[in-house]
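Participant: The following block contains the structure, expressed as C-alpha cells.
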Amino acid sequence: MVLIKDKEFVPYISASTLKKRIEELGADISKDFSDGPAVLIGVLNGAFMFLSDLTKTIKVPIEVTFIRVASYIGSESSGEIKHLMGLDLDLEGKSVILVEDIIDTGLSMKFLLELIRDKKPKKIAVASLLLKPDALVHDIKVDYLGFEISNRFVVGYGMDYDGLGRNLPALYQLK
Ligand code: IMP
Ligand code: MG
C-alpha cells in the first residue's frame, strides 16, 4: 500500500509485468517501422517513463521528441485541454508514433491527433501503455496498447496523483 497525500493506493501491475509487455510493443513497433525513422512523440508529463523504456526496446532508427497537454486537475478530468508545449519538429511526410501513458476519456488524444494531422505526416500511430475502455468517450484507435484497465485512478510509472507518485516503478490503483 502507498499513501499519496490523502489517498491510499494498492499494487496493481508489477514492474516486471510492465517490462515484459513493453518489450512486446517494442518488437511490434520495430517490425512495423523498419522502412525509415519514425518520430516518437512522448506526451508529457505522464509518458516520460513509458517512452524511455519503450525506446530502449525498439531496434530500428527513431527520433524522439515531446509535447505537453494537460486535462487533469487532481484526480478529476477538467474536460478541456489546459496547456500545450513543444512540437518544433517538421513532421511533413514522416511516420509519427504518439506515445501516451494512459487514454482515459480520449479527449487529449483526440486533440493531439488533430494537431499532428495538421502537420501532414505520412502516417500516425498511437501507442499507449494503458486504456480505460469504460471511460472512453472519443473513438480512438490504439495501435500499440499495453493494457486495458478498469475505470479506476492509477498512479506510478510516470502517472501522478496531484503531481506525486510518478517515480513509483510499478502501477498502483486507488484503493
Ligand atoms: P483523457 O484526455 O481523459 O484521455 O486523459 C488523458 C490524460 O489524463 C492521460 O494522459 C493522463 O496524463 C491523465 N490520466 C487519465 N487517467 C489517469 C489515471 O488514472 N491516473 C493518472 N493520470 C491519468
Ligand atoms: Mg498523459
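Chain lettering (A, B, ...) mirrors the order of the C-alpha cells, residue numbering begins at 1 for each chain separately, and ligand numbering begins at 1 in order of display.
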Using only C-alpha atoms and all ligand atoms, I'd like a table of the residues in chain A that come within 7 Å of ligand 1; for each, show the closest atom pair and its distance in Å rounded to one decimal, ordered by chain and ascending number, as CSV.
Facilitator:
residue,atom,partner,partner_atom_place_in_ligand_line,distance
A:Asn45,CA,ligand 1,12 (O),6.9
A:Gly46,CA,ligand 1,12 (O),5.0
A:Ala70,CA,ligand 1,7 (C),6.8
A:Ser71,CA,ligand 1,2 (O),5.8
A:Tyr72,CA,ligand 1,8 (O),5.5
A:Ser77,CA,ligand 1,3 (O),6.1
A:Glu100,CA,ligand 1,10 (O),5.7
A:Asp101,CA,ligand 1,10 (O),5.4
A:Ile102,CA,ligand 1,9 (C),4.7
A:Ile103,CA,ligand 1,4 (O),4.0
A:Asp104,CA,ligand 1,4 (O),3.5
A:Thr105,CA,ligand 1,3 (O),3.6
A:Gly106,CA,ligand 1,4 (O),3.5
A:Leu107,CA,ligand 1,2 (O),3.9
A:Ser108,CA,ligand 1,2 (O),3.6
A:Met109,CA,ligand 1,2 (O),6.2
A:Arg152,CA,ligand 1,19 (O),6.0
A:Phe153,CA,ligand 1,19 (O),3.4
A:Val154,CA,ligand 1,19 (O),4.0
A:Val155,CA,ligand 1,20 (N),5.2
A:Met159,CA,ligand 1,21 (C),4.7
A:Asp160,CA,ligand 1,21 (C),5.1
A:Tyr161,CA,ligand 1,21 (C),6.1
Participant: Give me the residues within 12 Å of Val2 (chain A) as a CSV table (one decimal) with C-alpha atoms, in the first residue's frame, counting only C-alpha atoms and dropping any in the same chain fewer than 2 places off.
Facilitator:
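Full text of around-v9.csv as output:
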chain,number,residue,atom,x,y,z
A,4,ILE,CA,-0.1,9.8,-1.6
A,5,LYS,CA,-1.5,12.9,0.1
A,6,ASP,CA,-5.0,11.8,1.3
A,7,LYS,CA,-5.4,8.7,-0.8
A,8,GLU,CA,-4.4,5.0,-0.5
A,9,PHE,CA,-3.2,3.1,-3.5
A,10,VAL,CA,-2.7,-0.7,-3.8
A,11,PRO,CA,-0.2,-2.6,-6.1
A,12,TYR,CA,-1.8,-3.1,-9.5
A,154,VAL,CA,-3.9,4.7,-11.1
A,155,VAL,CA,-0.5,6.2,-10.2
A,156,GLY,CA,3.1,5.3,-10.7
A,161,TYR,CA,-1.9,12.0,-8.3
A,164,LEU,CA,3.1,12.9,-6.9
A,165,GLY,CA,3.7,9.2,-7.5
A,168,LEU,CA,7.0,4.7,-8.5
A,170,ALA,CA,5.2,0.0,-10.8
A,171,LEU,CA,1.5,0.8,-11.2
A,172,TYR,CA,-0.8,1.3,-8.2
A,173,GLN,CA,-4.6,1.6,-8.2
A,174,LEU,CA,-6.8,3.7,-5.9
A,175,LYS,CA,-8.0,1.6,-3.0
Participant: From the set A:Arg166, A:Lys59, A:Lys19, A:Arg68, which residue has the shortest atom-to-atom contact distance to ligand 2, counting only C-alpha atoms and all ligand atoms?
Facilitator: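 For ligand 2, the nearest of the given residues is A:Arg68.
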Participant: So which one's closest to ligand 2, A:Gly93, A:Pro169, A:Pro61, A:Gly158? Using only C-alpha atoms and all ligand atoms, please.
Facilitator: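 Comparing A:Gly93, A:Pro169, A:Pro61, A:Gly158 against ligand 2, the winner is A:Gly158.
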Participant: As an exercise, work out the distance from CA of Leu145 (chain A) to CA of Val96 (chain A) in Å and give it to one decimal place.
Facilitator: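 Spanning CA of Leu145 (chain A) to CA of Val96 (chain A) is a straight-line distance of 15.8 Å.
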Participant: Which residues come within 6 Å of Lys132 (chain A), counting only C-alpha atoms, excluding same-chain residues fewer than 4 positions away, as number ranges by chain?
Facilitator: A: 104, 148-151
Participant: Atoms to include: N, CA and C atoms. Write the selected residues as a short mmCIF file (atom, residue, chain, number, x, y, z; two decimals), in the first residue's frame.
Facilitator:
data_model
loop_
_atom_site.label_atom_id
_atom_site.label_comp_id
_atom_site.auth_asym_id
_atom_site.auth_seq_id
_atom_site.Cartn_x
_atom_site.Cartn_y
_atom_site.Cartn_z
N ASP A 104 -7.87 7.92 -21.23
CA ASP A 104 -9.00 7.84 -20.30
C ASP A 104 -10.27 8.18 -21.07
N GLU A 148 -5.48 -2.95 -21.14
CA GLU A 148 -6.80 -2.37 -20.87
C GLU A 148 -7.02 -2.48 -19.36
N ILE A 149 -7.45 -1.40 -18.73
CA ILE A 149 -7.66 -1.45 -17.28
C ILE A 149 -9.07 -0.96 -16.93
N SER A 150 -9.47 -1.25 -15.70
CA SER A 150 -10.79 -0.81 -15.26
C SER A 150 -10.78 0.69 -15.02
N ASN A 151 -11.97 1.23 -14.89
CA ASN A 151 -12.12 2.69 -14.78
C ASN A 151 -11.87 3.16 -13.34
#
Participant: Compile the contact shell of Ala27 (chain A) as a count of residues only: residues with an atom at most 9 Å away, counting only C-alpha atoms, same-chain residues fewer than 3 positions apart removed.
Facilitator: 9
Participant: Find the residues near Phe147 (chain A): any atom within 8 Å, counting only C-alpha atoms, skip ones fewer than 4 places away on the same chain, and give them as a VMD selection string.
Facilitator: chain A and resid 129 to 131
Participant: For Lys122 (chain A), please output as a list in words all residues within 7 Å (counting only C-alpha atoms; exclusion window: fewer than 6 positions along the same chain).
Facilitator: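 Close residues of Lys122 (chain A): Glu92, Gly93, Lys94 and Ser95 of chain A.
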Participant: Find the distance between CA of Lys110 (chain A) and CA of Arg21 (chain A) and write it in Å to one decimal.
Facilitator: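 Here the two named atoms are 24.6 Å from each other.
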Participant: To one decimal place in Å, what is the distance between CA of Ile29 (chain A) and CA of Gly86 (chain A)?
Facilitator: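 So the two atoms, CA of Ile29 (chain A) and CA of Gly86 (chain A), lie 23.6 Å apart.
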Participant: Using DSSP secondary structure from the backbone, list all helix (DSSP H, G or I) positions within region 13-173 of chain A, as number ranges by chain.
Facilitator: A: 15-32, 48-56, 107-117, 133-135
Participant: What are the DSSP strand (DSSP E or B) residues of region 11-124 of chain A, as a PyMOL selection string?
Facilitator: chain A and resi 11-13+38-44+62-69+72-73+76-77+84-86+95-103+123-124
Participant: Determine the nearest neighbour of ligand 2 from the options A:Phe50, A:Asp28, A:Leu115, A:Asp139, counting only C-alpha atoms and all ligand atoms.
Facilitator: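 Using only C-alpha atoms and all ligand atoms, the shortest distance to ligand 2 belongs to A:Phe50.
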Participant: With only C-alpha atoms and all ligand atoms as the basis for distance, which of A:Thr65, A:Ser52, A:Thr17, A:Ser128 is at the shortest distance from ligand 2?
Facilitator: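 Distance minimum relative to ligand 2 lands on A:Ser128.
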Participant: When you count only C-alpha atoms and all ligand atoms, which of these residues is closest to ligand 2: A:Leu18, A:Leu87, A:Val60, A:Ala47?
Facilitator: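 For ligand 2, the nearest of the candidates is A:Ala47.
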Participant: Nearest to Pro37 (chain A) among A:Leu136, A:Ile116, A:Val64, A:Ala127, with distances taken over only C-alpha atoms: which residue is it?
Facilitator: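 So, comparing all the options, the nearest one is A:Val64.
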